[in-house]
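J.: Structure in structure tokens, see below.
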Amino acid sequence: MHLSDVSFQLGCKMTVVFVVLILVFSFWIVACKNDCITIGIIANGTGLVESETFAKHERTFVIVKHLVDVAEIFYVFRAVQRLDANSSVDVIILLEYDTTVLRKPQILATQNKKLIKLGARSRHQHKTPVSFKERQMTPRSCDTNDGFIPDYTSEETYCLTNLNITNMNGDDVLLTLPVPRAIRSLVKSLKWHFIIIFYESSTETETSALVDGLSKDGVLFAMYNTDHVANVKNVLQEIYQRNGDVNKEIYVVVVCRLYNTKQIIKSANEFDSLNNRTTLLQMFSRWLIVLYDYSRGASEALQDCGNDLDNIAILAVPKLQTIGIEGFYKGIDCTVIDILREDKSHDEFRKEFIDRLEKKAPSWNPSYKCKGYHIDTLLWKEQGRAFSSVGHADINGNIVVNPDIFPNTKYGYNRRSFLVSTLEYSPFVEKRKVNNSYIYEGFCMDLLSELANKLNFTYNLTEPADGKWGSLTNSVNITFNGLVGQLQKEEVDIVAAPVSVQAERDPVMDFSYPYYYEYTTVLVKKPDINATKWRTLIDPFKWEVLITIGASLLIVTILTFILEKYNPFYDIPQHAESRQINGGLHTWHSSFWYVFGALLCQGGVHLPESTSGRTLMSCWWLTCIIIVGTYSGNLIAFLTVTKERPPFNTLEEMNNLKGTYKWGTLGGTAWETLFPNSSHPAFKKMGEAYIEFSKTDPTILHQNPDFHVERVKKGKYAWIGDKTYMEIAMATECNLMSIKEEFMPLIYVFGFKNNSPHAAIFSTQMMKIHEGGLFQIWKRKWWPKSSFCAGSSIPEAKPISLMDVQSAFYVCLIGIFIGVFAFVIEILLHKYRKYRSHKQKTSNAPKSDTMDSQYQAKSNINKNNR
């Protein structure tokens, strides 16, 4: 059988059926012409025409149903015209219709019959029907891939009924122009100048009306049709990159069905995580979502999808519920009962029935009483995040917002939790144990707590497993350990500790606004002041001065001797005779003792008489007065004020004491690698030295600063570190001091992951805290108040002890020893000379003379004996 034959037979059958329906319909019309009420109904269906007759309280009703696709304007128009032309139809009921027909009033225009609208059919209904059982079993989760939300009749809808406004056109106004007008009003009130619009084909009409209004307001926009977007994440990435500044606000309007809206919000919620937390879309984006046909179940689903997004607002249009045929029958029943209470003829009954049906029809529509719809925002509640009403939009598109539509923008991070790493280093971070748990305090912890309060976030503290700060372990791959390594590996969000800014750290981390400036220096043990008291007499002068004074004494002595010995002034007899009688400086010992005596402000017995000699002595006297005056002043200071000197004052001097001293620094810090690799000769030599020390003594690079302080107390050891920690150690240990040289400036900051969007936000807030003076308050709180060491504050006079003047007694003892020694030498020399003189006389005298002498001596003896 050919296909044409099949089509011919099918056409014949359809014609027969249509003729039969017409005959039946005609029979019904004739049968009830005088006592029936015929109602024409237009509802959504497959395109068939159905008829039905039923009786209500002795009244017969004929229902002629045109089941058409109400989304197609032409089908609705044709059904209206056919029913209007049918003389037997008393009234036309538009039972279920698409709201788009309301924009073309001529489609519903009738000439002979009244047309009553009952229940609009939303254009955004789900395409796939879902059974009631399936709806009840559907979880309210973002992971559901369907396009519906369970329809719980007990839920409160997004409909407002208590507004003092007039619904001009009944329920028809609700889904026409007010939605785009409301969005436009919101955008204008929020002062958005550029927005991103996500829409779909089913919402293209509303979106077109929206962009027309935005264009008139001068608002720029970019539009994305989700039906043509393959991957929402790529679109969000493009939007974020085009935004320029990573912390610039992004404004988004979503006009889509729930399914697409869930996918967009879910992608935005996961955006920062997929970008390794280097973006802050969740904090700086503002989401205005328009939802159609859903009650509060929709907000719960979106809450699951966008729980990490700080700023989400929903403008939700209530779901329109059609009354259906059964509901319409109930309405007829109630209307008939009201009319039967009055005795009326059939024509009067028909007229009254139609009038009352027209009057009561709007009340049958659940959306008739709706005067506006809620605007909800996702806020923090005691039980977690949930949507709360912040305002409403009325049926005319006017916006009423009680608080801010995005109140979370005022609350920083909205209690977001950060993982913060730190290490103990007083006074910045102090760690103490309380009830089997550790409490962190200090300057950095106060700063972190203030930041958490101002920026509204929470944090959990941790420490690096290796306990190090962050030194470069691999210069080829640029790998760090410790705190810096945690940021590099993205194990933590923030480092709140005295981490210094270093060029080598910059590629792997971001730095915040500096909160403290410091210098590196060297801590050593004070020398024993009593061990050098014996040098009190020579300490006022440096060794260079003492050598110069000694050389000057020798030179002036020689010049004085020459000038007095060979001066022509003494060739005159009377001058020579006077010098012979009174003595002079023409001998070595006379010149020396006179010059030396002048140095001690004593002078000598003999004075030079020549002009040249007196001139030289005058200049020497002036020199001696200056030297003695300076010496006396310094000597008094040395005796009354203890002057503590470190064993060395510069790194050069420390390097020269390599055989006597050892030095070290904190292991796992920038100091460990910075000094050995430095181009500065002194730094490099110092770093190479402690690397050499560490080969035989690993504690040279111990990670605990207290260990280094204890080792410095033992002596012959120097610790290289920051000055602040050393000041605290010196405030409690009086035998410690730092050298005068300060080097390698330290800038302490909070650390963030590389390319972190949080660094700029934290830096801005830290700058405000600094300007508020809190840094100084915290410094006074955690830094030592003052040192208890004697003489550490204001020098004051003290009694001179025997230990202070022991050097004077040493000089006296030395003088006594030298004097006695010289006395013994003089005696021995005298006896030696006497002996030599006597021996010489004896050898030169004649023998007879000798005998006479002996005889004479014996005679003298005898005389004495007598």
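Each chain in the structure tokens gets a letter, A, B, ..., in the order shown, and its residues are numbered from 1; ligands are numbered from 1 in order too.
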Which stretch 645-684 of chain A residues have any atom within 9 Å of an atom of stretch 691-698 of chain A, and for each, what is the nearest pair of atoms with distance in Å to one decimal, counting only C-alpha atoms, rows sorted by chain and number, as JSON lines?

T.:
{"residue": "A:Lys662", "atom": "CA", "partner": "A:Phe693", "partner_atom": "CA", "distance": 7.3}
{"residue": "A:Trp663", "atom": "CA", "partner": "A:Phe693", "partner_atom": "CA", "distance": 8.0}
{"residue": "A:Gly664", "atom": "CA", "partner": "A:Phe693", "partner_atom": "CA", "distance": 8.1}
{"residue": "A:Glu672", "atom": "CA", "partner": "A:Ile691", "partner_atom": "CA", "distance": 8.5}
{"residue": "A:Pro676", "atom": "CA", "partner": "A:Ile691", "partner_atom": "CA", "distance": 7.8}

J.: Would you mind exporting the chosen residues as a tab-separated table (two decimals), in the first residue's frame, restricted to C-alpha atoms?

T.:
chain	number	residue	atom	x	y	z
A	662	LYS	CA	82.55	32.31	67.63
A	663	TRP	CA	79.30	33.68	66.30
A	664	GLY	CA	76.04	32.34	64.93
A	672	GLU	CA	71.47	31.98	57.29
A	676	PRO	CA	77.43	33.96	53.03

J.: If we count only C-alpha atoms and set the cut-off at 12 Å, which residues sit around A:Arg385, ignoring sequence neighbours fewer than 2 positions away in its own chain? Please answer as a VMD selection string.

T.: chain A and resid 299 to 300 302 to 312 377 to 383 387 to 388 408 414 to 415

J.: Closest to A:Leu701 among A:Ala497, A:Leu666, A:Val235, A:Ala718, using only C-alpha atoms?

T.: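 Using only C-alpha atoms, A:Leu701 sits closest to A:Leu666.
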
J.: Kindly give the distance, in Å, that separates atom CA of A:Phe443 and atom CA of A:Glu424, rounded to a single decimal.

T.: 11.2 Å

J.: Considering only C-alpha atoms, state which residue in the set A:Tyr725, A:Trp543, A:Tyr425, A:Tyr373 is at the smallest distance from A:Tyr519.

T.: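 Between A:Tyr725, A:Trp543, A:Tyr425, A:Tyr373, the residue approaching A:Tyr519 most closely is A:Tyr725.
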
J.: List the spatial neighbours of A:Ile93 as a PyMOL selection string - criterion: any atom at most 7 Å away, only C-alpha atoms, same-chain residues fewer than 4 positions off excluded.

T.: chain A and resi 40-42+115-118

J.: Can you tell me which residues surround A:Met445 at a distance of at most 9 Å, considering only C-alpha atoms, apart from same-chain residues fewer than 5 positions away, and format the answer as a ChimeraX atom specification?

T.: /A:428-430,440,450,496-497

J.: Give the answer as one residue: which of A:Ala230, A:Ala182, A:Val254, A:Val824 has the shortest atom-to-atom distance to A:Phe198, using only C-alpha atoms?

T.: A:Val254

J.: Using only C-alpha atoms, determine which residues lie at most 6 Å from stretch 459-473 of chain A, disregarding the query and same-chain residues fewer than 2 positions distant; provide the list as a list in words.

T.: Ser417, Phe418, Leu419, Val420, Ser421, Thr422, Thr479, Phe480, Asn481, Gly482, Leu483, Val484, Gly668, Thr669 and Ala670 of chain A

J.: For atom CA of A:Lys433 and atom CA of A:Val499, quote the distance in Å rounded to one decimal.

T.: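 Atom CA of A:Val499 lies 23.6 Å from atom CA of A:Lys433.
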
J.: Please, what distance in Å, to one decimal, runs between atom CA of A:Gly659 and atom CA of A:Glu727?

T.: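 Computing the Euclidean distance for atom CA of A:Gly659 and atom CA of A:Glu727 yields 27.1 Å.
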
J.: Can you tell me, as JSON, numbers by chain, which residues in stretch 360-450 of chain A count as strand (DSSP E) by DSSP?

T.: {"A": [372, 373, 374, 375, 376, 377, 378, 379, 380, 381, 384, 385, 386, 387, 388, 389, 390, 391, 392, 393, 394, 399, 400, 401, 416, 417, 418, 419, 420, 421, 430, 431, 432, 433, 434, 437, 438, 439, 440, 441]}

J.: From the options A:His346, A:Arg432, A:Lys779, A:Lys351, which residue's atoms come nearest to A:Thr724, counting only C-alpha atoms?

T.: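 Among the listed residues, A:Lys779 lies closest to A:Thr724.
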
J.: Which one of A:Ile728, A:Phe271, A:Thr279, A:Ser475 sits closest to A:Trp783 if you count only C-alpha atoms?

T.: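 Once distances to A:Trp783 are computed over only C-alpha atoms, the minimum belongs to A:Ile728.
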
J.: Just want the 10 Å neighbourhood of A:Ile478, counted on only C-alpha atoms, with same-chain residues fewer than 4 positions away dropped. Output as a list in words.

T.: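 The filter keeps Leu472, Thr473, Asn474, Gln488, Glu504, Arg505, Pro507 and Val508 of chain A.
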
J.: Take the residues from that selection and put them in a file with N, CA and C atoms, as a PDB file, in the first residue's frame.

T.:
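Writing the result to selection24.pdb gives the following:
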ATOM      1  N   LEU A 472      66.108  29.904  51.865  1.00  0.00           N
ATOM      2  CA  LEU A 472      66.156  29.309  50.533  1.00  0.00           C
ATOM      3  C   LEU A 472      66.914  27.995  50.596  1.00  0.00           C
ATOM      4  N   THR A 473      66.211  26.890  50.310  1.00  0.00           N
ATOM      5  CA  THR A 473      66.842  25.572  50.354  1.00  0.00           C
ATOM      6  C   THR A 473      67.312  25.102  48.986  1.00  0.00           C
ATOM      7  N   ASN A 474      66.728  25.660  47.939  1.00  0.00           N
ATOM      8  CA  ASN A 474      67.122  25.279  46.586  1.00  0.00           C
ATOM      9  C   ASN A 474      67.069  26.533  45.722  1.00  0.00           C
ATOM     10  N   GLN A 488      54.424  29.262  49.989  1.00  0.00           N
ATOM     11  CA  GLN A 488      54.780  28.830  48.639  1.00  0.00           C
ATOM     12  C   GLN A 488      53.992  27.584  48.240  1.00  0.00           C
ATOM     13  N   GLU A 504      64.673  37.821  47.669  1.00  0.00           N
ATOM     14  CA  GLU A 504      64.602  36.425  47.234  1.00  0.00           C
ATOM     15  C   GLU A 504      63.257  35.783  47.569  1.00  0.00           C
ATOM     16  N   ARG A 505      62.506  36.349  48.493  1.00  0.00           N
ATOM     17  CA  ARG A 505      61.200  35.816  48.856  1.00  0.00           C
ATOM     18  C   ARG A 505      60.082  36.343  47.966  1.00  0.00           C
ATOM     19  N   PRO A 507      59.377  36.313  44.769  1.00  0.00           N
ATOM     20  CA  PRO A 507      58.730  35.492  43.733  1.00  0.00           C
ATOM     21  C   PRO A 507      57.729  34.477  44.271  1.00  0.00           C
ATOM     22  N   VAL A 508      57.759  34.157  45.576  1.00  0.00           N
ATOM     23  CA  VAL A 508      56.925  33.077  46.090  1.00  0.00           C
ATOM     24  C   VAL A 508      55.878  33.551  47.081  1.00  0.00           C
TER      25      VAL A 508
END

J.: For A:Lys65, work out the shell of residues within 12 Å, counting only C-alpha atoms and skipping chain neighbours fewer than 6 positions away, then give it as a ChimeraX atom specification.

T.: /A:25,38-53,79-80,82-83,89,92-96,325

J.: Produce a file of the selected residues containing N, CA, C and O atoms, as a tab-separated table (two decimals), in the first residue's frame.

T.:
chain	number	residue	atom	x	y	z
A	25	PHE	N	-22.49	18.19	18.58
A	25	PHE	CA	-22.47	19.55	19.12
A	25	PHE	C	-23.75	20.29	18.76
A	25	PHE	O	-24.34	20.99	19.59
A	38	THR	N	-23.99	27.94	27.87
A	38	THR	CA	-22.82	27.41	27.16
A	38	THR	C	-21.61	28.28	27.47
A	38	THR	O	-21.64	29.50	27.30
A	39	ILE	N	-20.57	27.61	27.91
A	39	ILE	CA	-19.32	28.31	28.32
A	39	ILE	C	-18.20	27.83	27.41
A	39	ILE	O	-17.94	26.62	27.31
A	40	GLY	N	-17.57	28.77	26.74
A	40	GLY	CA	-16.41	28.44	25.92
A	40	GLY	C	-15.13	28.62	26.71
A	40	GLY	O	-14.90	29.68	27.31
A	41	ILE	N	-14.30	27.59	26.75
A	41	ILE	CA	-13.06	27.61	27.55
A	41	ILE	C	-11.86	27.45	26.62
A	41	ILE	O	-11.86	26.57	25.74
A	42	ILE	N	-10.87	28.31	26.81
A	42	ILE	CA	-9.59	28.19	26.10
A	42	ILE	C	-8.53	27.78	27.12
A	42	ILE	O	-8.29	28.50	28.10
A	43	ALA	N	-7.92	26.61	26.92
A	43	ALA	CA	-6.91	26.08	27.85
A	43	ALA	C	-5.79	25.46	27.06
A	43	ALA	O	-5.89	25.22	25.85
A	44	ASN	N	-4.71	25.19	27.75
A	44	ASN	CA	-3.55	24.60	27.10
A	44	ASN	C	-3.82	23.14	26.79
A	44	ASN	O	-4.34	22.41	27.62
A	45	GLY	N	-3.47	22.72	25.57
A	45	GLY	CA	-3.71	21.34	25.20
A	45	GLY	C	-3.10	21.00	23.88
A	45	GLY	O	-2.19	21.68	23.38
A	46	THR	N	-3.66	19.95	23.27
A	46	THR	CA	-3.07	19.37	22.06
A	46	THR	C	-3.70	19.87	20.77
A	46	THR	O	-3.39	19.37	19.69
A	47	GLY	N	-4.66	20.80	20.83
A	47	GLY	CA	-5.27	21.33	19.63
A	47	GLY	C	-6.65	20.78	19.34
A	47	GLY	O	-7.25	21.10	18.31
A	48	LEU	N	-7.22	19.92	20.21
A	48	LEU	CA	-8.54	19.34	20.00
A	48	LEU	C	-9.62	20.27	20.54
A	48	LEU	O	-9.37	21.17	21.35
A	49	VAL	N	-10.85	20.00	20.08
A	49	VAL	CA	-12.02	20.70	20.59
A	49	VAL	C	-12.89	19.66	21.29
A	49	VAL	O	-13.30	18.67	20.68
A	50	GLU	N	-13.17	19.87	22.54
A	50	GLU	CA	-13.95	18.92	23.33
A	50	GLU	C	-15.19	19.60	23.89
A	50	GLU	O	-15.17	20.81	24.16
A	51	SER	N	-16.24	18.81	24.05
A	51	SER	CA	-17.49	19.32	24.62
A	51	SER	C	-17.91	18.45	25.78
A	51	SER	O	-17.67	17.23	25.80
A	52	GLU	N	-18.59	19.06	26.72
A	52	GLU	CA	-19.00	18.35	27.93
A	52	GLU	C	-20.26	19.01	28.47
A	52	GLU	O	-20.36	20.26	28.49
A	53	THR	N	-21.24	18.20	28.88
A	53	THR	CA	-22.48	18.70	29.45
A	53	THR	C	-22.63	18.16	30.86
A	53	THR	O	-22.40	16.97	31.11
A	79	ALA	N	-8.85	30.71	18.50
A	79	ALA	CA	-9.85	30.13	19.41
A	79	ALA	C	-10.82	31.19	19.91
A	79	ALA	O	-12.04	30.96	20.01
A	80	VAL	N	-10.26	32.37	20.23
A	80	VAL	CA	-11.13	33.46	20.70
A	80	VAL	C	-12.11	33.86	19.60
A	80	VAL	O	-13.32	34.05	19.86
A	82	ARG	N	-13.27	32.08	17.05
A	82	ARG	CA	-14.26	31.03	16.79
A	82	ARG	C	-15.35	31.04	17.85
A	82	ARG	O	-16.55	30.92	17.55
A	83	LEU	N	-14.93	31.17	19.12
A	83	LEU	CA	-15.93	31.16	20.20
A	83	LEU	C	-16.77	32.44	20.16
A	83	LEU	O	-17.97	32.42	20.48
A	89	VAL	N	-22.58	30.26	22.26
A	89	VAL	CA	-21.69	30.45	23.41
A	89	VAL	C	-22.09	31.71	24.14
A	89	VAL	O	-22.24	32.78	23.55
A	92	ILE	N	-16.91	33.53	27.26
A	92	ILE	CA	-15.62	32.90	26.94
A	92	ILE	C	-14.71	33.00	28.17
A	92	ILE	O	-14.55	34.08	28.75
A	93	ILE	N	-14.15	31.88	28.54
A	93	ILE	CA	-13.23	31.84	29.69
A	93	ILE	C	-11.84	31.52	29.17
A	93	ILE	O	-11.62	30.47	28.55
A	94	LEU	N	-10.91	32.43	29.40
A	94	LEU	CA	-9.50	32.17	29.10
A	94	LEU	C	-8.89	31.55	30.35
A	94	LEU	O	-8.41	32.23	31.25
A	95	LEU	N	-8.96	30.22	30.40
A	95	LEU	CA	-8.63	29.50	31.63
A	95	LEU	C	-7.14	29.44	31.88
A	95	LEU	O	-6.66	29.53	33.01
A	96	GLU	N	-6.39	29.30	30.84
A	96	GLU	CA	-4.93	29.14	31.00
A	96	GLU	C	-4.28	29.82	29.80
A	96	GLU	O	-4.53	29.43	28.66
A	325	ILE	N	-9.58	22.76	35.39
A	325	ILE	CA	-11.00	22.51	35.09
A	325	ILE	C	-11.77	22.23	36.37
A	325	ILE	O	-12.87	22.75	36.59

J.: Measuring between only C-alpha atoms, which one of A:Ser610, A:Ser590, A:Ser185, A:Val76 shows the shortest distance to A:Gln106?

T.: A:Val76

J.: As a ChimeraX atom specification, please: every residue in stretch 615-763 of chain A that DSSP puts in alpha helix (DSSP H).

T.: /A:615-640,651-656,670-674,681-696,705-713,723-732,758-763
